[in-house]
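Chemist: Supplied structure: my_file_6.pdb, PDB, C-alpha atoms.
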ATOM      1  CA  MET A   1       0.000   0.000   0.000  1.00  0.00           C
ATOM      2  CA  LYS A   2       1.281   3.436  -0.938  1.00  0.00           C
ATOM      3  CA  ARG A   3       1.321   6.246   1.714  1.00  0.00           C
ATOM      4  CA  LEU A   4       0.159   9.725   0.791  1.00  0.00           C
ATOM      5  CA  PRO A   5       2.041  12.724   2.146  1.00  0.00           C
ATOM      6  CA  GLY A   6       0.264  14.353   5.109  1.00  0.00           C
ATOM      7  CA  ARG A   7      -0.540  17.543   3.237  1.00  0.00           C
ATOM      8  CA  TRP A   8      -2.525  15.583   0.612  1.00  0.00           C
ATOM      9  CA  VAL A   9      -4.585  13.875   3.297  1.00  0.00           C
ATOM     10  CA  LEU A  10      -5.262  17.252   4.956  1.00  0.00           C
ATOM     11  CA  LEU A  11      -6.252  18.766   1.590  1.00  0.00           C
ATOM     12  CA  GLY A  12      -8.650  15.893   0.970  1.00  0.00           C
ATOM     13  CA  VAL A  13     -10.307  16.276   4.371  1.00  0.00           C
ATOM     14  CA  CYS A  14     -10.680  20.047   3.926  1.00  0.00           C
ATOM     15  CA  THR A  15     -12.190  19.564   0.473  1.00  0.00           C
ATOM     16  CA  ALA A  16     -14.693  17.036   1.836  1.00  0.00           C
ATOM     17  CA  VAL A  17     -15.731  19.327   4.693  1.00  0.00           C
ATOM     18  CA  ALA A  18     -16.051  22.317   2.357  1.00  0.00           C
ATOM     19  CA  GLY A  19     -18.044  20.195  -0.080  1.00  0.00           C
ATOM     20  CA  VAL A  20     -20.521  19.216   2.650  1.00  0.00           C
ATOM     21  CA  GLY A  21     -20.866  22.870   3.682  1.00  0.00           C
ATOM     22  CA  ILE A  22     -21.462  23.958   0.097  1.00  0.00           C
ATOM     23  CA  GLY A  23     -23.939  21.127  -0.407  1.00  0.00           C
ATOM     24  CA  LEU A  24     -25.904  22.117   2.688  1.00  0.00           C
ATOM     25  CA  ALA A  25     -25.864  25.777   1.668  1.00  0.00           C
ATOM     26  CA  VAL A  26     -27.131  24.969  -1.824  1.00  0.00           C
ATOM     27  CA  SER A  27     -29.837  22.688  -0.439  1.00  0.00           C
ATOM     28  CA  GLY A  28     -31.114  25.432   1.844  1.00  0.00           C
ATOM     29  CA  ALA A  29     -30.498  23.386   4.983  1.00  0.00           C
ATOM     30  CA  PRO A  30     -29.175  25.348   7.961  1.00  0.00           C
ATOM     31  CA  LEU A  31     -25.436  25.071   8.325  1.00  0.00           C
ATOM     32  CA  PRO A  32     -24.256  23.541  11.601  1.00  0.00           C
ATOM     33  CA  TRP A  33     -22.416  26.745  12.526  1.00  0.00           C
ATOM     34  CA  SER A  34     -25.222  29.146  11.603  1.00  0.00           C
ATOM     35  CA  SER A  35     -27.910  30.533  13.898  1.00  0.00           C
ATOM     36  CA  ALA A  36     -30.623  28.747  11.856  1.00  0.00           C
ATOM     37  CA  GLY A  37     -32.781  31.870  11.754  1.00  0.00           C
ATOM     38  CA  ARG A  38     -32.517  32.553  15.486  1.00  0.00           C
ATOM     39  CA  VAL A  39     -31.676  36.012  16.678  1.00  0.00           C
ATOM     40  CA  LEU A  40     -28.457  35.932  18.637  1.00  0.00           C
ATOM     41  CA  PRO A  41     -28.305  37.990  21.853  1.00  0.00           C
ATOM     42  CA  LEU A  42     -26.433  41.264  21.870  1.00  0.00           C
ATOM     43  CA  ALA A  43     -22.832  41.159  22.963  1.00  0.00           C
ATOM     44  CA  ARG A  44     -22.495  41.625  26.704  1.00  0.00           C
ATOM     45  CA  ALA A  45     -19.298  43.640  26.645  1.00  0.00           C
ATOM     46  CA  ARG A  46     -19.315  46.512  29.079  1.00  0.00           C
ATOM     47  CA  VAL A  47     -18.208  49.937  27.940  1.00  0.00           C
ATOM     48  CA  TYR A  48     -16.142  51.743  30.553  1.00  0.00           C
ATOM     49  CA  GLU A  49     -15.388  55.426  31.029  1.00  0.00           C
ATOM     50  CA  SER A  50     -11.786  56.484  30.660  1.00  0.00           C
ATOM     51  CA  VAL A  51     -11.466  56.849  34.439  1.00  0.00           C
ATOM     52  CA  ASP A  52      -9.749  54.224  36.586  1.00  0.00           C
ATOM     53  CA  ALA A  53     -10.404  53.841  40.301  1.00  0.00           C
ATOM     54  CA  CYS A  54      -7.864  51.679  42.116  1.00  0.00           C
ATOM     55  CA  LEU A  55      -7.749  50.065  45.536  1.00  0.00           C
ATOM     56  CA  LEU A  56      -4.441  49.716  47.377  1.00  0.00           C
ATOM     57  CA  THR A  57      -4.637  46.935  49.967  1.00  0.00           C
ATOM     58  CA  GLY A  58      -2.348  45.207  52.421  1.00  0.00           C
ATOM     59  CA  ALA A  59      -0.746  41.825  51.798  1.00  0.00           C
ATOM     60  CA  GLN A  60      -4.018  39.972  52.485  1.00  0.00           C
ATOM     61  CA  GLY A  61      -5.640  41.636  49.478  1.00  0.00           C
ATOM     62  CA  LEU A  62      -9.409  41.204  49.364  1.00  0.00           C
ATOM     63  CA  ALA A  63      -9.263  38.560  52.122  1.00  0.00           C
ATOM     64  CA  ASP A  64      -8.968  41.458  54.591  1.00  0.00           C
ATOM     65  CA  PRO A  65     -12.557  42.295  55.677  1.00  0.00           C
ATOM     66  CA  ALA A  66     -12.020  46.078  55.415  1.00  0.00           C
ATOM     67  CA  ALA A  67     -10.479  45.730  51.948  1.00  0.00           C
ATOM     68  CA  ALA A  68     -13.354  43.470  50.867  1.00  0.00           C
ATOM     69  CA  GLN A  69     -15.883  46.117  51.940  1.00  0.00           C
ATOM     70  CA  ALA A  70     -13.918  48.838  50.175  1.00  0.00           C
ATOM     71  CA  TRP A  71     -13.787  46.677  47.022  1.00  0.00           C
ATOM     72  CA  ALA A  72     -17.551  46.097  47.180  1.00  0.00           C
ATOM     73  CA  GLY A  73     -18.044  49.877  47.400  1.00  0.00           C
ATOM     74  CA  MET A  74     -15.765  50.382  44.411  1.00  0.00           C
ATOM     75  CA  GLU A  75     -17.751  47.838  42.404  1.00  0.00           C
ATOM     76  CA  ASP A  76     -20.961  49.690  43.337  1.00  0.00           C
ATOM     77  CA  ALA A  77     -19.378  52.940  42.147  1.00  0.00           C
ATOM     78  CA  SER A  78     -18.262  51.264  38.914  1.00  0.00           C
ATOM     79  CA  ARG A  79     -21.808  50.109  38.179  1.00  0.00           C
ATOM     80  CA  ALA A  80     -23.079  53.645  38.824  1.00  0.00           C
ATOM     81  CA  THR A  81     -20.402  55.478  36.809  1.00  0.00           C
ATOM     82  CA  SER A  82     -18.907  52.920  34.363  1.00  0.00           C
ATOM     83  CA  ALA A  83     -15.436  53.623  35.769  1.00  0.00           C
ATOM     84  CA  ARG A  84     -12.922  50.774  35.604  1.00  0.00           C
ATOM     85  CA  VAL A  85     -11.887  49.426  39.000  1.00  0.00           C
ATOM     86  CA  SER A  86      -8.871  47.361  39.980  1.00  0.00           C
ATOM     87  CA  TYR A  87      -6.867  46.583  43.084  1.00  0.00           C
ATOM     88  CA  LEU A  88      -3.244  46.025  43.996  1.00  0.00           C
ATOM     89  CA  ALA A  89      -2.017  44.263  47.134  1.00  0.00           C
ATOM     90  CA  VAL A  90       1.183  45.488  48.771  1.00  0.00           C
ATOM     91  CA  THR A  91       3.638  42.668  49.368  1.00  0.00           C
ATOM     92  CA  GLY A  92       6.265  42.661  52.080  1.00  0.00           C
ATOM     93  CA  PRO A  93       6.124  44.324  55.479  1.00  0.00           C
ATOM     94  CA  ALA A  94       3.246  46.606  56.391  1.00  0.00           C
ATOM     95  CA  THR A  95       5.329  49.797  56.301  1.00  0.00           C
ATOM     96  CA  LEU A  96       5.162  53.110  54.494  1.00  0.00           C
ATOM     97  CA  ALA A  97       8.431  52.296  52.700  1.00  0.00           C
ATOM     98  CA  ALA A  98       6.978  49.041  51.368  1.00  0.00           C
ATOM     99  CA  ALA A  99       3.648  50.609  50.332  1.00  0.00           C
ATOM    100  CA  GLU A 100       4.969  53.720  48.539  1.00  0.00           C
ATOM    101  CA  PRO A 101       6.211  51.931  45.383  1.00  0.00           C
ATOM    102  CA  PHE A 102       2.834  50.220  45.021  1.00  0.00           C
ATOM    103  CA  ALA A 103       1.011  53.548  45.339  1.00  0.00           C
ATOM    104  CA  GLY A 104       3.418  54.924  42.729  1.00  0.00           C
ATOM    105  CA  SER A 105       2.613  52.120  40.323  1.00  0.00           C
ATOM    106  CA  LEU A 106      -1.112  52.927  40.602  1.00  0.00           C
ATOM    107  CA  LEU A 107      -0.303  56.536  39.754  1.00  0.00           C
ATOM    108  CA  VAL A 108       1.822  55.511  36.762  1.00  0.00           C
ATOM    109  CA  GLN A 109      -0.978  53.163  35.677  1.00  0.00           C
ATOM    110  CA  GLY A 110      -3.241  56.220  35.419  1.00  0.00           C
ATOM    111  CA  CYS A 111      -5.584  55.737  38.368  1.00  0.00           C
ATOM    112  CA  LYS A 112      -7.621  58.915  38.871  1.00  0.00           C
ATOM    113  CA  VAL A 113      -9.126  57.744  42.175  1.00  0.00           C
ATOM    114  CA  ILE A 114      -7.043  55.760  44.680  1.00  0.00           C
ATOM    115  CA  VAL A 115      -8.654  54.143  47.716  1.00  0.00           C
ATOM    116  CA  ALA A 116      -6.226  53.050  50.435  1.00  0.00           C
ATOM    117  CA  SER A 117      -7.188  50.229  52.792  1.00  0.00           C
ATOM    118  CA  GLY A 118      -4.748  49.564  55.629  1.00  0.00           C
ATOM    119  CA  ALA A 119      -2.499  51.742  57.790  1.00  0.00           C
ATOM    120  CA  ALA A 120       0.641  51.573  55.624  1.00  0.00           C
ATOM    121  CA  GLU A 121      -1.377  52.011  52.432  1.00  0.00           C
ATOM    122  CA  ARG A 122      -3.183  54.991  53.960  1.00  0.00           C
ATOM    123  CA  ALA A 123       0.168  56.566  54.869  1.00  0.00           C
ATOM    124  CA  ALA A 124       1.469  56.000  51.326  1.00  0.00           C
ATOM    125  CA  ALA A 125      -1.656  57.567  49.799  1.00  0.00           C
ATOM    126  CA  LEU A 126      -1.357  60.615  52.056  1.00  0.00           C
ATOM    127  CA  ALA A 127       2.347  60.935  51.173  1.00  0.00           C
ATOM    128  CA  GLU A 128       1.551  60.952  47.438  1.00  0.00           C
ATOM    129  CA  ALA A 129      -1.550  63.174  47.620  1.00  0.00           C
ATOM    130  CA  GLY A 130       0.414  66.417  47.886  1.00  0.00           C
ATOM    131  CA  ARG A 131       2.381  65.679  44.717  1.00  0.00           C
ATOM    132  CA  PHE A 132      -0.567  64.520  42.605  1.00  0.00           C
ATOM    133  CA  GLY A 133      -3.283  67.157  42.943  1.00  0.00           C
ATOM    134  CA  SER A 134      -5.295  65.882  39.957  1.00  0.00           C
ATOM    135  CA  VAL A 135      -5.765  62.444  41.562  1.00  0.00           C
ATOM    136  CA  ARG A 136      -8.463  61.859  44.195  1.00  0.00           C
ATOM    137  CA  PHE A 137      -7.320  59.877  47.245  1.00  0.00           C
ATOM    138  CA  VAL A 138      -9.778  58.159  49.580  1.00  0.00           C
ATOM    139  CA  VAL A 139      -8.523  57.063  53.015  1.00  0.00           C
ATOM    140  CA  THR A 140     -10.188  55.768  56.149  1.00  0.00           C
ATOM    141  CA  GLY A 141     -10.006  57.734  59.365  1.00  0.00           C
ATOM    142  CA  PRO A 142      -9.071  61.342  60.000  1.00  0.00           C
ATOM    143  CA  ALA A 143      -6.612  63.123  57.727  1.00  0.00           C
ATOM    144  CA  ALA A 144      -6.145  66.513  59.370  1.00  0.00           C
ATOM    145  CA  GLY A 145      -4.043  68.888  57.308  1.00  0.00           C
ATOM    146  CA  SER A 146      -4.264  66.775  54.170  1.00  0.00           C
ATOM    147  CA  PRO A 147      -4.549  68.356  50.694  1.00  0.00           C
ATOM    148  CA  PRO A 148      -8.001  69.073  49.218  1.00  0.00           C
ATOM    149  CA  ASN A 149      -7.780  66.036  46.910  1.00  0.00           C
ATOM    150  CA  VAL A 150      -8.016  63.685  49.927  1.00  0.00           C
ATOM    151  CA  THR A 151     -11.355  62.365  51.154  1.00  0.00           C
ATOM    152  CA  ALA A 152     -11.117  61.046  54.711  1.00  0.00           C
ATOM    153  CA  LEU A 153     -13.912  58.622  55.546  1.00  0.00           C
ATOM    154  CA  ALA A 154     -15.400  58.417  59.016  1.00  0.00           C
ATOM    155  CA  PHE A 155     -17.762  55.453  59.105  1.00  0.00           C
ATOM    156  CA  ALA A 156     -19.261  52.697  61.173  1.00  0.00           C
ATOM    157  CA  PRO A 157     -17.648  49.331  60.299  1.00  0.00           C
ATOM    158  CA  SER A 158     -20.787  48.209  58.461  1.00  0.00           C
ATOM    159  CA  GLY A 159     -20.959  51.485  56.505  1.00  0.00           C
ATOM    160  CA  LEU A 160     -17.578  51.290  54.775  1.00  0.00           C
ATOM    161  CA  GLU A 161     -18.987  49.943  51.503  1.00  0.00           C
ATOM    162  CA  ALA A 162     -21.492  52.789  51.091  1.00  0.00           C
ATOM    163  CA  SER A 163     -18.933  55.416  52.164  1.00  0.00           C
ATOM    164  CA  VAL A 164     -16.370  54.169  49.640  1.00  0.00           C
ATOM    165  CA  ALA A 165     -18.989  53.955  46.877  1.00  0.00           C
ATOM    166  CA  SER A 166     -20.051  57.548  47.475  1.00  0.00           C
ATOM    167  CA  ALA A 167     -16.466  58.860  47.644  1.00  0.00           C
ATOM    168  CA  VAL A 168     -15.392  56.974  44.508  1.00  0.00           C
ATOM    169  CA  GLU A 169     -18.432  58.168  42.560  1.00  0.00           C
ATOM    170  CA  ALA A 170     -17.631  61.770  43.528  1.00  0.00           C
ATOM    171  CA  GLY A 171     -13.982  61.252  42.555  1.00  0.00           C
ATOM    172  CA  VAL A 172     -14.903  59.720  39.193  1.00  0.00           C
ATOM    173  CA  HIS A 173     -17.240  62.611  38.410  1.00  0.00           C
ATOM    174  CA  ALA A 174     -14.556  65.117  39.432  1.00  0.00           C
ATOM    175  CA  ALA A 175     -12.121  63.341  37.069  1.00  0.00           C
ATOM    176  CA  GLY A 176     -14.543  63.750  34.171  1.00  0.00           C
ATOM    177  CA  GLY A 177     -16.245  60.339  34.246  1.00  0.00           C
TER     178      GLY A 177
END
Let me see the structure of the file written as structure tokens.
Modeler:
Amino acid sequence: MKRLPGRWVLLGVCTAVAGVGIGLAVSGAPLPWSSAGRVLPLARARVYESVDACLLTGAQGLADPAAAQAWAGMEDASRATSARVSYLAVTGPATLAAAEPFAGSLLVQGCKVIVASGAAERAAALAEAGRFGSVRFVVTGPAAGSPPNVTALAFAPSGLEASVASAVEAGVHAAGG
């Protein structure tokens, strides 16, 4: 028995499949890959504003209960404003020195609203706020003497989500979103 080169076998298979498709199309039968007259649903892609709101968390990320509430508030704000939201967890020790480069990367990434969850992250956000007046910073607790682009949230533990959502929405609108 004589062996055919692989490319000839592949060409034969493709021709057979194409022939069946052409035959079905000519016969008027619905093609297996067509919608058979059904209306397909609209694409479910979400269109976002050109404003990013970012959460800076401690090493636990969203496993930290306070960060999880802040994230839920940011998602609420995203649904209300169509702003993109993301988060970044600081790795290493919970110190200002460890958190500052992560805050800087959110600024380089183009975040227009930065929410800080955690003591070191809060300190890093407050340290950067004076240098980046066009960015809105949201921190928990008092922030006496902070620049006008800082929103300090005073809240009951169960009210963090709503407080963050409100502050992020205001920041997104202030950024043009």
Chemist: Using the chain letters and numbers from the file, give me the residues hit by the PyMOL selection byres ((chain A and resi 153) around 9), as an mmCIF file with C-alpha atoms, in the coordinates of the input.
Modeler:
data_model
loop_
_atom_site.group_PDB
_atom_site.id
_atom_site.type_symbol
_atom_site.label_atom_id
_atom_site.label_comp_id
_atom_site.auth_asym_id
_atom_site.auth_seq_id
_atom_site.Cartn_x
_atom_site.Cartn_y
_atom_site.Cartn_z
ATOM 1 C CA VAL A 138 -9.778 58.159 49.580
ATOM 2 C CA VAL A 139 -8.523 57.063 53.015
ATOM 3 C CA THR A 140 -10.188 55.768 56.149
ATOM 4 C CA GLY A 141 -10.006 57.734 59.365
ATOM 5 C CA PRO A 142 -9.071 61.342 60.000
ATOM 6 C CA ALA A 143 -6.612 63.123 57.727
ATOM 7 C CA THR A 151 -11.355 62.365 51.154
ATOM 8 C CA ALA A 152 -11.117 61.046 54.711
ATOM 9 C CA ALA A 154 -15.400 58.417 59.016
ATOM 10 C CA PHE A 155 -17.762 55.453 59.105
ATOM 11 C CA LEU A 160 -17.578 51.290 54.775
ATOM 12 C CA SER A 163 -18.933 55.416 52.164
ATOM 13 C CA VAL A 164 -16.370 54.169 49.640
ATOM 14 C CA ALA A 167 -16.466 58.860 47.644
#
Chemist: With the PyMOL selection byres ((chain A and resi 174) around 10) as the selection, what would be picked from this file? Answer as a list in words, please.
Modeler: Lys112, Val113, Ser134, Val135, Arg136, Val168, Glu169, Ala170, Gly171, Val172, His173, Ala175, Gly176 and Gly177 of chain A
Chemist: Go ahead and find all residues with at least one atom no further than 12 Å from (5.3, 50.6, 45.1) in the file's coordinates, using all atoms listed in the file; report them as a list in words.
Modeler: Leu56, Thr57, Gly58, Leu88, Ala89, Val90, Thr91, Gly92, Thr95, Leu96, Ala97, Ala98, Ala99, Glu100, Pro101, Phe102, Ala103, Gly104, Ser105, Leu106, Leu107, Val108, Gln109, Ala120, Glu121, Ala124, Ala125 and Glu128 of chain A
Chemist: Give the answer as one residue: which of A:Ser78, A:Ser117, A:Gln69, A:Gln60 has the shortest atom-to-atom distance to Pro93 in chain A, using all atoms listed in the file?
Modeler: A:Gln60
Chemist: Measuring between all atoms listed in the file, which one of A:Gly118, A:Gly133, A:Gly61, A:Pro41 shows the shortest distance to Ala94 in chain A?
Modeler: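 Of A:Gly118, A:Gly133, A:Gly61, A:Pro41, the one nearest Ala94 in chain A, counting all atoms listed in the file, is A:Gly118.
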Chemist: Work out how far CA of Asp52 in chain A is from CA of Ala72 in chain A, in Å to one decimal.
Modeler: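 Distance reported for this atom pair: 15.5 Å.
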Chemist: So what do you get for CA of Ser82 in chain A versus CA of Ala67 in chain A, distance-wise?
Modeler: 20.8 Å
Chemist: What is the CA of Ala127 in chain A to CA of Gly145 in chain A distance in Å?
Modeler: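 Here the two named atoms are 11.9 Å from each other.
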Chemist: Just checking: using only C-alpha atoms, which residue out of A:Ala63, A:Cys54, A:Ala162, A:Val39 ends up closest to Ala116 in chain A?
Modeler: A:Cys54
Chemist: To test the calculation: enclose all listed atoms of range 92-98 of chain A in a box whose edges run along x, y and z, add 4 Å on each side, then state centre and edge lengths in Å to one decimal, as JSON.
Modeler:
{"center_x": 5.8, "center_y": 47.9, "center_z": 53.9, "size_x": 13.2, "size_y": 18.4, "size_z": 13.0}
Chemist: Any chance you could resolve the PyMOL selection byres ((chain A and resi 75) around 10) against this file and give the residues as a PDB file with C-alpha atoms, keeping the file's coordinate frame?
Modeler:
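Written output follows (result-v4.pdb):
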ATOM      1  CA  ALA A  53     -10.404  53.841  40.301  1.00  0.00           C
ATOM      2  CA  GLN A  69     -15.883  46.117  51.940  1.00  0.00           C
ATOM      3  CA  ALA A  70     -13.918  48.838  50.175  1.00  0.00           C
ATOM      4  CA  TRP A  71     -13.787  46.677  47.022  1.00  0.00           C
ATOM      5  CA  ALA A  72     -17.551  46.097  47.180  1.00  0.00           C
ATOM      6  CA  GLY A  73     -18.044  49.877  47.400  1.00  0.00           C
ATOM      7  CA  MET A  74     -15.765  50.382  44.411  1.00  0.00           C
ATOM      8  CA  ASP A  76     -20.961  49.690  43.337  1.00  0.00           C
ATOM      9  CA  ALA A  77     -19.378  52.940  42.147  1.00  0.00           C
ATOM     10  CA  SER A  78     -18.262  51.264  38.914  1.00  0.00           C
ATOM     11  CA  ARG A  79     -21.808  50.109  38.179  1.00  0.00           C
ATOM     12  CA  ALA A  80     -23.079  53.645  38.824  1.00  0.00           C
ATOM     13  CA  THR A  81     -20.402  55.478  36.809  1.00  0.00           C
ATOM     14  CA  SER A  82     -18.907  52.920  34.363  1.00  0.00           C
ATOM     15  CA  ALA A  83     -15.436  53.623  35.769  1.00  0.00           C
ATOM     16  CA  ARG A  84     -12.922  50.774  35.604  1.00  0.00           C
ATOM     17  CA  VAL A  85     -11.887  49.426  39.000  1.00  0.00           C
ATOM     18  CA  SER A  86      -8.871  47.361  39.980  1.00  0.00           C
ATOM     19  CA  GLU A 161     -18.987  49.943  51.503  1.00  0.00           C
ATOM     20  CA  VAL A 164     -16.370  54.169  49.640  1.00  0.00           C
ATOM     21  CA  ALA A 165     -18.989  53.955  46.877  1.00  0.00           C
ATOM     22  CA  VAL A 168     -15.392  56.974  44.508  1.00  0.00           C
TER      23      VAL A 168
END
Chemist: From the list A:Pro148, A:Ala156, A:Ala68, A:Phe132, which residue is nearest Cys111 in chain A when using all atoms listed in the file?
Modeler: A:Phe132
